[in-house]
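K.L.:
What follows is target24.cif, mmCIF, C-alpha atoms.
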```cif
data_upload
loop_
_atom_site.group_PDB
_atom_site.id
_atom_site.type_symbol
_atom_site.label_atom_id
_atom_site.label_comp_id
_atom_site.auth_asym_id
_atom_site.auth_seq_id
_atom_site.Cartn_x
_atom_site.Cartn_y
_atom_site.Cartn_z
ATOM 1 C CA MET A 28 0.000 0.000 0.000
ATOM 2 C CA THR A 29 1.286 3.454 -0.888
ATOM 3 C CA SER A 30 2.135 5.511 2.206
ATOM 4 C CA GLU A 31 1.415 9.244 2.253
ATOM 5 C CA THR A 32 2.601 12.124 4.413
ATOM 6 C CA LEU A 33 1.463 15.739 4.443
ATOM 7 C CA LEU A 34 3.916 18.434 5.546
ATOM 8 C CA LEU A 35 2.571 21.798 6.700
ATOM 9 C CA ILE A 36 5.570 24.116 6.346
ATOM 10 C CA GLY A 37 5.723 27.604 7.808
ATOM 11 C CA ARG A 38 7.589 30.136 9.886
ATOM 12 C CA GLU A 39 7.997 29.677 13.624
ATOM 13 C CA VAL A 40 6.059 32.749 14.762
ATOM 14 C CA ARG A 41 3.758 33.280 17.716
ATOM 15 C CA GLY A 42 0.778 30.944 17.593
ATOM 16 C CA ALA A 43 1.706 29.409 14.231
ATOM 17 C CA ARG A 44 2.522 25.929 15.469
ATOM 18 C CA GLU A 45 -0.699 25.728 17.475
ATOM 19 C CA ALA A 46 -2.808 26.820 14.495
ATOM 20 C CA PHE A 47 -0.997 24.402 12.195
ATOM 21 C CA ARG A 48 -1.727 21.598 14.664
ATOM 22 C CA VAL A 49 -5.455 22.361 14.493
ATOM 23 C CA HIS A 50 -5.348 22.104 10.708
ATOM 24 C CA ALA A 51 -3.205 18.966 10.888
ATOM 25 C CA ASP A 52 -5.678 17.196 13.173
ATOM 26 C CA ARG A 53 -8.618 18.104 10.964
ATOM 27 C CA ILE A 54 -6.873 16.893 7.796
ATOM 28 C CA ALA A 55 -5.758 13.668 9.470
ATOM 29 C CA ASP A 56 -9.347 12.992 10.584
ATOM 30 C CA ARG A 57 -10.674 13.609 7.077
ATOM 31 C CA THR A 58 -8.110 11.748 5.037
ATOM 32 C CA GLY A 59 -6.220 9.306 7.241
ATOM 33 C CA ILE A 60 -2.961 10.829 5.958
ATOM 34 C CA ASP A 61 -0.100 11.256 8.406
ATOM 35 C CA VAL A 62 0.264 15.028 8.875
ATOM 36 C CA GLU A 63 3.469 16.594 10.179
ATOM 37 C CA ILE A 64 4.365 20.195 11.008
ATOM 38 C CA ALA A 65 7.685 21.676 9.925
ATOM 39 C CA CYS A 66 8.469 25.164 11.231
ATOM 40 C CA TYR A 67 11.604 27.212 10.734
ATOM 41 C CA ALA A 68 12.885 30.471 12.179
ATOM 42 C CA GLU A 69 14.942 31.983 9.359
ATOM 43 C CA GLU A 70 16.513 29.517 6.903
ATOM 44 C CA PRO A 71 14.273 26.643 5.758
ATOM 45 C CA GLY A 72 17.032 25.122 3.639
ATOM 46 C CA ARG A 73 19.406 24.845 6.576
ATOM 47 C CA GLU A 74 16.887 24.223 9.343
ATOM 48 C CA LEU A 75 14.611 21.679 7.652
ATOM 49 C CA ARG A 76 16.928 19.583 5.483
ATOM 50 C CA ASP A 77 17.866 17.103 8.230
ATOM 51 C CA ARG A 78 14.246 16.870 9.271
ATOM 52 C CA PHE A 79 13.148 16.116 5.722
ATOM 53 C CA CYS A 80 15.807 13.411 5.387
ATOM 54 C CA GLU A 81 13.813 11.477 7.992
ATOM 55 C CA VAL A 82 10.521 11.580 6.081
ATOM 56 C CA ASP A 83 9.654 7.996 5.218
ATOM 57 C CA ALA A 84 6.705 7.921 2.810
ATOM 58 C CA ASP A 85 6.108 6.921 -0.777
ATOM 59 C CA VAL A 86 4.367 10.229 -1.470
ATOM 60 C CA THR A 87 4.854 13.494 0.423
ATOM 61 C CA TYR A 88 2.538 16.473 -0.058
ATOM 62 C CA ALA A 89 4.181 19.742 1.004
ATOM 63 C CA VAL A 90 1.950 22.742 1.672
ATOM 64 C CA PRO A 91 3.504 26.184 2.307
ATOM 65 C CA MET A 92 1.501 27.764 5.124
ATOM 66 C CA CYS A 93 1.661 31.302 3.786
ATOM 67 C CA ALA A 94 -0.524 33.627 1.769
ATOM 68 C CA ALA A 95 1.528 33.791 -1.429
ATOM 69 C CA HIS A 96 4.849 32.800 -2.923
ATOM 70 C CA GLY A 97 8.016 34.524 -1.740
ATOM 71 C CA TYR A 98 11.728 33.752 -1.602
ATOM 72 C CA ASP A 99 11.239 30.908 0.877
ATOM 73 C CA THR A 100 8.543 29.104 -1.099
ATOM 74 C CA VAL A 101 10.121 29.551 -4.520
ATOM 75 C CA ASP A 102 13.728 28.750 -3.626
ATOM 76 C CA ALA A 103 14.562 27.692 -0.094
ATOM 77 C CA ILE A 104 11.743 25.280 0.749
ATOM 78 C CA PRO A 105 11.990 23.336 -2.562
ATOM 79 C CA ALA A 106 15.736 23.044 -1.969
ATOM 80 C CA ALA A 107 15.099 21.540 1.471
ATOM 81 C CA LEU A 108 12.429 19.204 0.079
ATOM 82 C CA SER A 109 15.027 17.709 -2.248
ATOM 83 C CA ALA A 110 16.268 15.780 0.804
ATOM 84 C CA ILE A 111 13.102 13.643 0.762
ATOM 85 C CA SER A 112 13.704 10.340 -1.004
ATOM 86 C CA GLY A 113 10.175 9.619 -2.200
ATOM 87 C CA ASP A 114 7.729 11.349 -4.535
ATOM 88 C CA VAL A 115 7.300 15.001 -3.492
ATOM 89 C CA ARG A 116 4.161 16.874 -4.502
ATOM 90 C CA TYR A 117 4.600 20.579 -3.837
ATOM 91 C CA CYS A 118 1.359 22.512 -3.362
ATOM 92 C CA ASP A 119 0.491 26.165 -3.837
ATOM 93 C CA PRO A 120 0.535 28.470 -0.799
ATOM 94 C CA VAL A 121 -2.755 28.208 1.078
ATOM 95 C CA GLY A 122 -3.589 31.893 0.634
ATOM 96 C CA THR A 123 -4.195 31.465 -3.089
ATOM 97 C CA SER A 124 -7.200 29.163 -2.563
ATOM 98 C CA PRO A 125 -10.741 30.410 -3.311
ATOM 99 C CA ALA A 126 -11.747 29.108 0.129
ATOM 100 C CA VAL A 127 -9.611 31.870 1.646
ATOM 101 C CA THR A 128 -12.065 34.483 0.343
ATOM 102 C CA ASP A 129 -14.487 33.117 2.938
ATOM 103 C CA VAL A 130 -11.798 33.351 5.623
ATOM 104 C CA ILE A 131 -11.186 37.014 4.774
ATOM 105 C CA ALA A 132 -14.914 37.780 4.851
ATOM 106 C CA ALA A 133 -15.326 36.051 8.204
ATOM 107 C CA ARG A 134 -12.335 37.849 9.728
ATOM 108 C CA ALA A 135 -13.702 41.188 8.468
ATOM 109 C CA ASP A 136 -17.154 40.500 9.918
ATOM 110 C CA ALA A 137 -15.663 39.530 13.281
ATOM 111 C CA ALA A 138 -13.572 42.714 13.379
ATOM 112 C CA ARG A 139 -16.605 44.858 12.549
ATOM 113 C CA ALA A 140 -18.692 43.169 15.216
ATOM 114 C CA GLY A 141 -15.911 43.687 17.756
ATOM 115 C CA ALA A 142 -15.607 47.366 16.862
ATOM 116 C CA MET A 143 -19.360 47.811 17.268
ATOM 117 C CA ALA A 144 -19.151 46.497 20.828
ATOM 118 C CA GLY A 145 -18.027 49.903 22.041
ATOM 119 C CA GLU A 146 -20.193 52.104 19.873
ATOM 120 C CA SER A 147 -23.625 50.565 19.309
ATOM 121 C CA THR A 148 -26.502 48.759 20.963
ATOM 122 C CA ALA A 149 -26.596 45.035 21.677
ATOM 123 C CA ALA A 150 -29.306 44.606 19.029
ATOM 124 C CA ASP A 151 -27.048 46.212 16.416
ATOM 125 C CA ARG A 152 -24.161 43.906 17.343
ATOM 126 C CA VAL A 153 -26.347 40.792 17.097
ATOM 127 C CA ASP A 154 -27.633 41.967 13.709
ATOM 128 C CA ALA A 155 -24.070 42.443 12.426
ATOM 129 C CA VAL A 156 -23.049 38.913 13.384
ATOM 130 C CA ASP A 157 -26.285 37.323 12.121
ATOM 131 C CA ARG A 158 -25.784 38.743 8.631
ATOM 132 C CA GLY A 159 -23.112 36.136 7.933
ATOM 133 C CA ALA A 160 -19.656 36.213 6.390
ATOM 134 C CA GLY A 161 -19.225 38.482 3.409
ATOM 135 C CA ASP A 162 -22.477 40.484 3.713
ATOM 136 C CA GLY A 163 -20.549 43.690 4.235
ATOM 137 C CA ASP A 164 -22.097 47.120 4.666
ATOM 138 C CA ALA A 165 -22.719 49.901 2.163
ATOM 139 C CA ASP A 166 -20.814 52.517 4.184
ATOM 140 C CA VAL A 167 -17.843 50.314 5.100
ATOM 141 C CA SER A 168 -14.630 50.152 3.092
ATOM 142 C CA LEU A 169 -12.839 46.801 3.246
ATOM 143 C CA VAL A 170 -9.047 47.065 3.067
ATOM 144 C CA LEU A 171 -6.942 43.977 2.314
ATOM 145 C CA VAL A 172 -3.330 44.328 3.464
ATOM 146 C CA ALA A 173 -0.851 42.037 1.696
ATOM 147 C CA PHE A 174 2.928 41.783 1.909
ATOM 148 C CA GLY A 175 3.428 42.670 -1.730
ATOM 149 C CA SER A 176 6.723 43.353 -3.446
ATOM 150 C CA SER A 177 7.294 45.369 -6.575
ATOM 151 C CA SER A 178 9.917 42.832 -7.677
ATOM 152 C CA LYS A 179 7.577 39.834 -7.643
ATOM 153 C CA PRO A 180 3.807 40.026 -8.200
ATOM 154 C CA HIS A 181 2.697 36.984 -6.193
ATOM 155 C CA GLY A 182 1.224 38.963 -3.287
ATOM 156 C CA ARG A 183 -0.489 41.410 -5.620
ATOM 157 C CA ARG A 184 -2.119 38.646 -7.656
ATOM 158 C CA MET A 185 -3.368 36.963 -4.506
ATOM 159 C CA ALA A 186 -4.772 40.173 -2.994
ATOM 160 C CA GLU A 187 -6.460 41.311 -6.205
ATOM 161 C CA TYR A 188 -7.980 37.863 -6.719
ATOM 162 C CA HIS A 189 -9.700 37.932 -3.331
ATOM 163 C CA ALA A 190 -10.634 41.609 -3.707
ATOM 164 C CA ASP A 191 -12.416 40.880 -7.004
ATOM 165 C CA ARG A 192 -14.323 37.990 -5.468
ATOM 166 C CA LEU A 193 -15.360 40.036 -2.434
ATOM 167 C CA ARG A 194 -16.566 42.910 -4.619
ATOM 168 C CA SER A 195 -18.938 40.554 -6.414
ATOM 169 C CA ARG A 196 -20.103 38.736 -3.275
ATOM 170 C CA SER A 197 -20.449 41.434 -0.618
ATOM 171 C CA GLU A 198 -22.090 44.791 -0.002
ATOM 172 C CA TYR A 199 -19.010 46.724 1.041
ATOM 173 C CA ALA A 200 -18.746 50.273 -0.297
ATOM 174 C CA GLU A 201 -15.429 49.224 -1.809
ATOM 175 C CA VAL A 202 -12.753 46.578 -1.468
ATOM 176 C CA VAL A 203 -9.253 48.028 -1.676
ATOM 177 C CA PRO A 204 -6.020 45.972 -1.675
ATOM 178 C CA CYS A 205 -2.824 47.608 -0.412
ATOM 179 C CA TYR A 206 0.721 46.428 0.214
ATOM 180 C CA LEU A 207 3.694 46.755 2.513
ATOM 181 C CA LEU A 208 6.338 47.055 -0.206
ATOM 182 C CA GLN A 209 4.570 48.496 -3.247
ATOM 183 C CA ASN A 210 1.778 50.870 -4.236
ATOM 184 C CA PRO A 211 -0.939 51.353 -3.269
ATOM 185 C CA ALA A 212 0.911 51.516 0.034
ATOM 186 C CA VAL A 213 -0.724 50.568 3.307
ATOM 187 C CA GLU A 214 0.273 53.842 5.004
ATOM 188 C CA CYS A 215 -1.774 55.825 2.445
ATOM 189 C CA VAL A 216 -4.897 53.679 2.285
ATOM 190 C CA ARG A 217 -6.699 55.450 5.162
ATOM 191 C CA TYR A 218 -6.814 58.588 3.014
ATOM 192 C CA ALA A 219 -7.721 56.836 -0.223
ATOM 193 C CA VAL A 220 -10.939 55.007 0.735
ATOM 194 C CA THR A 221 -14.398 56.558 0.514
ATOM 195 C CA GLY A 222 -16.433 54.616 3.093
ATOM 196 C CA ASP A 223 -17.446 56.223 6.391
ATOM 197 C CA ARG A 224 -15.962 53.265 8.235
ATOM 198 C CA ILE A 225 -12.999 51.006 7.494
ATOM 199 C CA VAL A 226 -12.206 47.399 8.294
ATOM 200 C CA ALA A 227 -8.714 46.090 7.482
ATOM 201 C CA VAL A 228 -7.803 42.419 7.099
ATOM 202 C CA PRO A 229 -4.125 41.346 7.017
ATOM 203 C CA LEU A 230 -3.638 38.701 4.333
ATOM 204 C CA PHE A 231 -1.299 36.595 6.443
ATOM 205 C CA VAL A 232 -1.728 33.051 7.735
ATOM 206 C CA SER A 233 -0.194 33.684 11.170
ATOM 207 C CA ARG A 234 0.555 36.559 13.487
ATOM 208 C CA SER A 235 3.954 38.078 12.841
ATOM 209 C CA ALA A 236 5.917 41.274 13.258
ATOM 210 C CA ALA A 237 4.101 42.530 10.166
ATOM 211 C CA THR A 238 0.594 41.915 11.517
ATOM 212 C CA GLU A 239 1.329 42.872 15.127
ATOM 213 C CA ASP A 240 3.540 45.928 14.674
ATOM 214 C CA ARG A 241 4.159 47.153 11.165
ATOM 215 C CA ILE A 242 0.647 47.118 9.713
ATOM 216 C CA PRO A 243 -1.015 48.656 12.826
ATOM 217 C CA THR A 244 1.635 51.393 12.827
ATOM 218 C CA GLU A 245 1.243 52.216 9.156
ATOM 219 C CA LEU A 246 -2.570 52.139 9.389
ATOM 220 C CA GLU A 247 -2.312 54.444 12.420
ATOM 221 C CA LEU A 248 -4.728 52.255 14.349
ATOM 222 C CA ASP A 249 -4.200 54.310 17.499
ATOM 223 C CA ARG A 250 -6.094 57.153 15.792
ATOM 224 C CA GLY A 251 -9.241 55.020 15.679
ATOM 225 C CA GLY A 252 -11.661 54.650 12.808
ATOM 226 C CA ILE A 253 -10.320 51.321 11.546
ATOM 227 C CA ALA A 254 -11.459 47.907 12.752
ATOM 228 C CA TYR A 255 -8.472 45.577 12.460
ATOM 229 C CA ALA A 256 -8.983 41.857 11.866
ATOM 230 C CA GLU A 257 -7.056 38.748 12.831
ATOM 231 C CA PRO A 258 -4.889 36.791 10.352
ATOM 232 C CA PHE A 259 -6.290 33.577 8.878
ATOM 233 C CA GLY A 260 -5.139 31.436 11.810
ATOM 234 C CA ASP A 261 -6.998 28.164 12.374
ATOM 235 C CA HIS A 262 -10.187 29.082 10.520
ATOM 236 C CA PRO A 263 -11.995 25.944 9.245
ATOM 237 C CA ARG A 264 -12.108 27.214 5.673
ATOM 238 C CA LEU A 265 -8.319 27.420 5.685
ATOM 239 C CA THR A 266 -8.347 23.710 6.514
ATOM 240 C CA ASP A 267 -10.549 23.253 3.450
ATOM 241 C CA ALA A 268 -7.943 25.111 1.381
ATOM 242 C CA ILE A 269 -5.188 22.758 2.564
ATOM 243 C CA HIS A 270 -7.334 19.697 1.903
ATOM 244 C CA ALA A 271 -8.190 20.931 -1.597
ATOM 245 C CA GLU A 272 -4.508 21.383 -2.445
ATOM 246 C CA VAL A 273 -3.728 17.835 -1.385
ATOM 247 C CA GLU A 274 -6.621 16.421 -3.414
ATOM 248 C CA LYS A 275 -5.533 18.469 -6.446
ATOM 249 C CA GLN A 276 -2.033 17.032 -6.226
ATOM 250 C CA ARG A 277 -3.457 13.522 -5.877
ATOM 251 C CA ALA A 278 -5.421 14.031 -9.087
ATOM 252 C CA LEU A 279 -2.393 15.472 -10.885
ATOM 253 C CA ALA A 280 -0.281 12.534 -9.753
ATOM 254 C CA VAL A 281 -2.684 10.132 -11.451
ATOM 255 C CA GLY A 282 -2.503 12.173 -14.658
ATOM 256 C CA ASP A 283 1.291 12.292 -14.530
ATOM 257 C CA HIS A 284 1.501 8.548 -14.136
ATOM 258 C CA ARG A 285 -0.842 7.931 -17.048
ATOM 259 C CA ASP A 286 1.227 10.297 -19.191
ATOM 260 C CA ASP A 287 4.458 8.538 -18.257
ATOM 261 C CA LEU A 288 3.299 4.973 -18.833
ATOM 262 C CA GLY A 289 0.312 5.277 -21.112
ATOM 263 C CA HIS A 290 -1.832 3.522 -18.523
ATOM 264 C CA GLU A 291 -2.403 3.560 -14.800
ATOM 265 C CA SER A 292 -0.235 1.171 -12.767
ATOM 266 C CA VAL A 293 -1.888 -0.452 -9.770
ATOM 267 C CA ASP A 294 -0.146 -2.441 -7.064
ATOM 268 C CA SER A 295 -1.471 -5.562 -5.365
ATOM 269 C CA ALA A 296 -3.513 -3.571 -2.852
ATOM 270 C CA GLY A 297 -5.224 -1.556 -5.570
ATOM 271 C CA ASP A 298 -3.242 1.624 -4.923
ATOM 272 C CA ARG A 299 -1.844 3.807 -7.675
ATOM 273 C CA SER A 300 1.902 3.561 -7.969
ATOM 274 C CA PRO A 301 3.510 6.986 -7.503
ATOM 275 C CA THR A 302 5.862 8.612 -9.950
ATOM 276 C CA THR A 303 8.988 10.180 -8.561
ATOM 277 C CA LYS A 304 8.909 13.965 -8.906
ATOM 278 C CA ARG A 305 11.102 16.621 -7.352
ATOM 279 C CA ALA A 306 9.597 19.724 -5.765
ATOM 280 C CA ILE A 307 9.269 22.288 -8.540
ATOM 281 C CA VAL A 308 7.442 25.605 -8.206
ATOM 282 C CA THR A 309 5.079 26.987 -10.796
ATOM 283 C CA ASP A 310 4.527 30.563 -9.671
ATOM 284 C CA GLY A 311 3.065 32.309 -12.702
ATOM 285 C CA GLU A 312 6.486 33.131 -14.139
ATOM 286 C CA GLY A 313 7.439 29.677 -15.393
ATOM 287 C CA THR A 314 8.694 26.629 -13.562
ATOM 288 C CA ARG A 315 11.739 26.714 -11.331
ATOM 289 C CA LYS A 316 14.437 24.096 -11.868
ATOM 290 C CA PRO A 317 15.330 21.866 -8.899
ATOM 291 C CA PRO A 318 18.434 22.710 -6.854
ATOM 292 C CA SER A 319 21.737 22.147 -8.629
ATOM 293 C CA PRO A 320 24.033 19.461 -7.175
ATOM 294 C CA GLU A 321 26.847 22.019 -6.921
ATOM 295 C CA ASN A 322 24.754 24.373 -4.807
ATOM 296 C CA PRO A 323 21.821 22.522 -3.254
ATOM 297 C CA SER A 324 20.697 25.477 -1.166
ATOM 298 C CA ARG A 325 19.630 27.463 -4.253
ATOM 299 C CA THR A 326 17.688 26.750 -7.397
ATOM 300 C CA GLN A 327 19.590 27.007 -10.655
ATOM 301 C CA ASP A 328 17.820 30.099 -12.013
ATOM 302 C CA SER A 329 17.160 31.906 -8.774
ATOM 303 C CA SER A 330 17.442 35.662 -8.813
ATOM 304 C CA ARG A 331 15.202 36.637 -5.905
ATOM 305 C CA SER A 332 15.976 38.608 -2.844
ATOM 306 C CA ARG A 333 15.130 37.842 0.742
ATOM 307 C CA ASN A 334 13.306 41.164 0.719
ATOM 308 C CA ASP A 335 10.520 39.304 -1.100
ATOM 309 C CA ASP A 336 9.783 37.334 2.046
ATOM 310 C CA PRO A 337 7.678 38.710 4.944
ATOM 311 C CA ARG A 338 9.186 38.582 8.394
#
```
What is this file in structure tokens?
P.N.:
Amino acid sequence: MTSETLLLIGREVRGAREAFRVHADRIADRTGIDVEIACYAEEPGRELRDRFCEVDADVTYAVPMCAAHGYDTVDAIPAALSAISGDVRYCDPVGTSPAVTDVIAARADAARAGAMAGESTAADRVDAVDRGAGDGDADVSLVLVAFGSSSKPHGRRMAEYHADRLRSRSEYAEVVPCYLLQNPAVECVRYAVTGDRIVAVPLFVSRSAATEDRIPTELELDRGGIAYAEPFGDHPRLTDAIHAEVEKQRALAVGDHRDDLGHESVDSAGDRSPTTKRAIVTDGEGTRKPPSPENPSRTQDSSRSRNDDPR
């Protein structure tokens, strides 16, 4: 029987490991797959390689627990995954899933309801919660704050994707994406929106220096007028996003094997035989080659900067 392992890979920041464990338990209950958590502080290539050498599975699904591709997910994590001996199926970052639109809407609604606690009646607060995720409000501007780098468009594509979906599904006065490292800049967004009230959602999986310090400072939250939401965290729809990525890779693995052999190979237990693939990233700018033997810590055509990666 083919053995499978799922790796949830992310930065070791406050609360991340606990949230990842919630997702891991849910996925294990749904699928029966062994789910492991791999966190790193700064250098995934150096910190995770020995850990990945110990992975003993025929097929390993690796899910980056971040909103969008950056230096780590395009270069460093695939280099570390090359230490795994079996078939590695590298998934997209969880933030790119359509299920995350629901997470953003829910986080925005919760922030609005919390802000109303100090400025409206109990009946108003109950009404706000009962409306459901994504209902929005005609005088509220929804601001989506992404990492975003002018050198690589991954964060922008992710933010604009969810903004477009929320515009068509909600009643917000407007949905405005902004970024930490490119325009429209987060520090200017307060003055650019038109709604009487503002709710801001950080497009980050976990709490970090960006969500706890930098974004609140640049939004000038201490001035009031902006309801600030939590990152994605352990929201159930984020679990759905992880599960969907794994199932997508399972389906692609079947197609790959048919392409390679012209038919589907089945072992004695009725399981599909895996094909051996290295972790390769498709990030909208073409595929990335696997790490070169001469320099296993980098991919062969890497030209990205660590400034592309949120801290």
K.L.:
Around (3.5, 34.2, 5.5) in the file's frame, which residues reach within 12 Å when counting all atoms listed in the file? Return as a count of residues only?
P.N.:
43
K.L.:
Work out how far CA of Arg41 in chain A is from CA of Leu248 in chain A, in Å to one decimal.
P.N.:
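A separation of 21.1 Å between them.
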K.L.:
Have a look at CA of Ala51 in chain A and CA of Leu35 in chain A and let me know their distance in Å, one decimal.
P.N.:
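These atoms are spaced 7.7 Å apart.
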K.L.:
Have a look at A:Ala132, A:Leu208, A:Leu279, A:Val101 and name the one nearest to Gly72 in chain A; count all atoms listed in the file.
P.N.:
A:Val101
K.L.:
Find, counting only C-alpha atoms, the residue in A:Asp267, A:Asp240, A:Glu272, A:Asp166 that gets nearest to Asp223 in chain A.
P.N.:
A:Asp166
K.L.:
So, counting only C-alpha atoms, which residue among A:Ala165, A:Cys215, A:Ala89, A:Ala46 is closest to Asp114 in chain A?
P.N.:
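Closest residue, counting only C-alpha atoms: A:Ala89.
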K.L.:
For Glu274 in chain A, which residue out of A:Ala142, A:Asp52, A:Cys118, A:Ala126 is the nearest one, using only C-alpha atoms?
P.N.:
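For Glu274 in chain A, the nearest of the candidates is A:Cys118.
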K.L.:
Take CA of Ile269 in chain A and CA of Val90 in chain A and report the distance between them in Å, one decimal.
P.N.:
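Atom-to-atom, CA of Ile269 in chain A and CA of Val90 in chain A are spaced 7.2 Å apart.
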K.L.:
Considering only C-alpha atoms, can you say which of A:Ala227, A:Ala107, A:Ala212, A:Ala135 comes closest to Leu171 in chain A?
P.N.:
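Among the listed residues, A:Ala227 lies closest to Leu171 in chain A.
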K.L.:
Write out as a PyMOL selection string each polymer residue whose atoms come within 7 Å of Ala268 in chain A, counting all atoms listed in the file; drop sequence neighbours fewer than 2 positions from it.
P.N.:
chain A and resi 121+124+126-127+264-266+270-272
K.L.:
Convert the output of the PyMOL selection byres ((chain A and resi 205) around 7) on the shown file into explicit residues, formatted as a list of chain:residue names.
P.N.:
A:Leu171, A:Val172, A:Ala173, A:Val203, A:Pro204, A:Tyr206, A:Asn210, A:Pro211, A:Ala212, A:Val213, A:Val216
K.L.:
Rank nothing, just name the residue among A:Leu75, A:Ile64, A:Ala55, A:Arg134 nearest to Pro105 in chain A, using only C-alpha atoms.
P.N.:
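The shortest atom-to-atom distance to Pro105 in chain A comes from A:Leu75.
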K.L.:
Write out as a VMD selection string which residues come within 12 Å of Ala254 in chain A when counting all atoms listed in the file, dropping same-chain ones fewer than 5 positions away.
P.N.:
chain A and resid 134 to 145 167 to 170 217 224 to 229 243 246 to 249
